[in-house]
Amino acid sequence: MPFVNPYDLAAVERLPGWFGRFFHSESMTFGYWEIAADAVPLHEHHHPEEEVWNLVEGRMALTVAGVEQVLEPGTAAIVPAETLHSARVLEACRAIVVDHPARPSIARPYAPRD
């Protein structure tokens, strides 16, 4: 399936205030996140996939390997595989997060909403 409109996908609340829409290519997972201003912080964690965050709207603080950086629209952050990272929202925001290799456990395969 070469074309996907993520807004045709149902949003999943993964944590309080974190709503994601997910799809997968053969080797990557894409998450389109809408994060509320009062969303809980994303706990420190790591995983075997490399992850790239691209902030589209709003502001958040992302900590990677103990270094915190405030992300603003247009900012991208690269989280290497197996690296501790966490996030806290500074204002409502939207972000696109891509994992490589694909992370199928994060969401079901592409299925448009009815």
# chains A, B, ... in the order shown; residues from 1 in each chain; ligands from 1
>>> select_by_dssp(residues="chain A", states="helix (DSSP H, G or I)", output="list of chain:residue names")
A:Pro6, A:Tyr7, A:Asp8, A:Pro104, A:Ser105, A:Ile106
>>> write_last_selection(atoms="C-alpha atoms", output="compact mmCIF listing (two decimals), in the first residue's frame")
# COMPACT_ATOMS: atom_id res chain seq x y z
CA PRO A 6 -2.79 8.77 8.87
CA TYR A 7 -5.93 10.76 9.66
CA ASP A 8 -7.98 7.88 8.24
CA PRO A 104 4.94 -3.82 14.80
CA SER A 105 4.18 -4.26 18.51
CA ILE A 106 3.40 -0.54 18.82
>>> select_by_dssp(residues="chain A", states="strand (DSSP E or B)", output="PyMOL selection string")
chain A and resi 12-15+18-24+29-35+42-45+50-64+67-71+76-79+85-100
>>> closest_residue(among="A:Ile78, A:Val89, A:Met60, A:Ile96", to="Ala37 of chain A", atoms="only C-alpha atoms")
A:Val89
>>> closest_residue(among="A:Ala87, A:Ala10, A:Leu15, A:Met28", to="Asp99 of chain A", atoms="only C-alpha atoms")
A:Met28
>>> residues_around(residues="Glu51 of chain A", least_positions_apart="2", cutoff="9 Å", atoms="only C-alpha atoms", output="list in words")
Glu49, Trp53, Ala77, Ile78, Val79, Pro80, Ala81, Val97, Val98, Asp99 and His100 of chain A
>>> write_last_selection(atoms="N, CA and C atoms", output="PDB file, in the first residue's frame")
ATOM      1  N   GLU A  49      14.979  -0.293  18.585  1.00  0.00           N
ATOM      2  CA  GLU A  49      14.862   0.462  17.341  1.00  0.00           C
ATOM      3  C   GLU A  49      15.462   1.864  17.478  1.00  0.00           C
ATOM      4  N   TRP A  53      12.311  11.758  16.096  1.00  0.00           N
ATOM      5  CA  TRP A  53      11.168  12.603  16.440  1.00  0.00           C
ATOM      6  C   TRP A  53      11.239  13.862  15.605  1.00  0.00           C
ATOM      7  N   ALA A  77      14.883  15.158  16.340  1.00  0.00           N
ATOM      8  CA  ALA A  77      15.791  14.560  17.315  1.00  0.00           C
ATOM      9  C   ALA A  77      15.980  13.092  16.961  1.00  0.00           C
ATOM     10  N   ILE A  78      17.219  12.641  16.992  1.00  0.00           N
ATOM     11  CA  ILE A  78      17.534  11.254  16.684  1.00  0.00           C
ATOM     12  C   ILE A  78      17.867  10.537  17.984  1.00  0.00           C
ATOM     13  N   VAL A  79      17.149   9.457  18.238  1.00  0.00           N
ATOM     14  CA  VAL A  79      17.379   8.640  19.430  1.00  0.00           C
ATOM     15  C   VAL A  79      17.997   7.325  18.951  1.00  0.00           C
ATOM     16  N   PRO A  80      19.286   7.110  19.227  1.00  0.00           N
ATOM     17  CA  PRO A  80      19.900   5.853  18.797  1.00  0.00           C
ATOM     18  C   PRO A  80      19.248   4.645  19.470  1.00  0.00           C
ATOM     19  N   ALA A  81      19.363   3.505  18.858  1.00  0.00           N
ATOM     20  CA  ALA A  81      18.836   2.263  19.422  1.00  0.00           C
ATOM     21  C   ALA A  81      19.414   2.040  20.811  1.00  0.00           C
ATOM     22  N   VAL A  97       6.855  10.484  14.706  1.00  0.00           N
ATOM     23  CA  VAL A  97       7.944   9.681  15.256  1.00  0.00           C
ATOM     24  C   VAL A  97       8.091   8.443  14.377  1.00  0.00           C
ATOM     25  N   VAL A  98       9.326   8.206  13.918  1.00  0.00           N
ATOM     26  CA  VAL A  98       9.604   7.085  13.020  1.00  0.00           C
ATOM     27  C   VAL A  98      10.605   6.145  13.684  1.00  0.00           C
ATOM     28  N   ASP A  99      10.286   4.854  13.689  1.00  0.00           N
ATOM     29  CA  ASP A  99      11.178   3.836  14.237  1.00  0.00           C
ATOM     30  C   ASP A  99      11.730   2.967  13.114  1.00  0.00           C
ATOM     31  N   HIS A 100      13.015   2.617  13.236  1.00  0.00           N
ATOM     32  CA  HIS A 100      13.654   1.706  12.290  1.00  0.00           C
ATOM     33  C   HIS A 100      14.524   0.749  13.073  1.00  0.00           C
TER      34      HIS A 100
END
>>> decode(residues="segment 61-112 of chain A", atoms="C-alpha atoms", output="JSON list (two decimals), in the first residue's frame")
[["chain", "number", "residue", "atom", "x", "y", "z"],
["A", 61, "ALA", "CA", 11.34, 18.72, 26.19],
["A", 62, "LEU", "CA", 12.99, 15.51, 25.00],
["A", 63, "THR", "CA", 15.80, 13.95, 27.03],
["A", 64, "VAL", "CA", 18.17, 11.60, 25.20],
["A", 65, "ALA", "CA", 20.98, 9.89, 27.10],
["A", 66, "GLY", "CA", 20.60, 12.41, 29.94],
["A", 67, "VAL", "CA", 20.68, 15.51, 27.73],
["A", 68, "GLU", "CA", 17.47, 17.56, 27.60],
["A", 69, "GLN", "CA", 16.58, 19.69, 24.57],
["A", 70, "VAL", "CA", 13.44, 21.73, 23.97],
["A", 71, "LEU", "CA", 11.90, 20.82, 20.63],
["A", 72, "GLU", "CA", 9.97, 23.41, 18.63],
["A", 73, "PRO", "CA", 8.23, 23.08, 15.27],
["A", 74, "GLY", "CA", 10.61, 21.82, 12.63],
["A", 75, "THR", "CA", 13.10, 20.39, 15.14],
["A", 76, "ALA", "CA", 14.12, 16.77, 14.72],
["A", 77, "ALA", "CA", 15.79, 14.56, 17.31],
["A", 78, "ILE", "CA", 17.53, 11.25, 16.68],
["A", 79, "VAL", "CA", 17.38, 8.64, 19.43],
["A", 80, "PRO", "CA", 19.90, 5.85, 18.80],
["A", 81, "ALA", "CA", 18.84, 2.26, 19.42],
["A", 82, "GLU", "CA", 18.97, 1.13, 23.08],
["A", 83, "THR", "CA", 19.39, 4.74, 24.32],
["A", 84, "LEU", "CA", 17.44, 5.95, 27.35],
["A", 85, "HIS", "CA", 15.01, 8.74, 26.48],
["A", 86, "SER", "CA", 11.95, 10.49, 27.91],
["A", 87, "ALA", "CA", 9.73, 13.45, 27.09],
["A", 88, "ARG", "CA", 7.58, 16.05, 28.80],
["A", 89, "VAL", "CA", 5.11, 18.32, 27.11],
["A", 90, "LEU", "CA", 5.54, 22.08, 27.48],
["A", 91, "GLU", "CA", 2.42, 22.90, 25.44],
["A", 92, "ALA", "CA", 0.02, 20.90, 23.28],
["A", 93, "CYS", "CA", 1.94, 19.52, 20.35],
["A", 94, "ARG", "CA", 1.97, 17.27, 17.33],
["A", 95, "ALA", "CA", 4.91, 15.10, 16.35],
["A", 96, "ILE", "CA", 5.82, 12.47, 13.79],
["A", 97, "VAL", "CA", 7.94, 9.68, 15.26],
["A", 98, "VAL", "CA", 9.60, 7.08, 13.02],
["A", 99, "ASP", "CA", 11.18, 3.84, 14.24],
["A", 100, "HIS", "CA", 13.65, 1.71, 12.29],
["A", 101, "PRO", "CA", 13.47, -1.20, 11.97],
["A", 102, "ALA", "CA", 9.71, -1.51, 12.08],
["A", 103, "ARG", "CA", 8.13, -1.84, 15.50],
["A", 104, "PRO", "CA", 4.94, -3.82, 14.80],
["A", 105, "SER", "CA", 4.18, -4.26, 18.51],
["A", 106, "ILE", "CA", 3.40, -0.54, 18.82],
["A", 107, "ALA", "CA", 0.18, -0.73, 16.79],
["A", 108, "ARG", "CA", -1.90, -2.84, 14.50],
["A", 109, "PRO", "CA", -1.15, -2.87, 10.77],
["A", 110, "TYR", "CA", -2.82, -0.24, 8.60],
["A", 111, "ALA", "CA", -6.61, -0.44, 8.79],
["A", 112, "PRO", "CA", -8.71, 2.56, 7.76]]
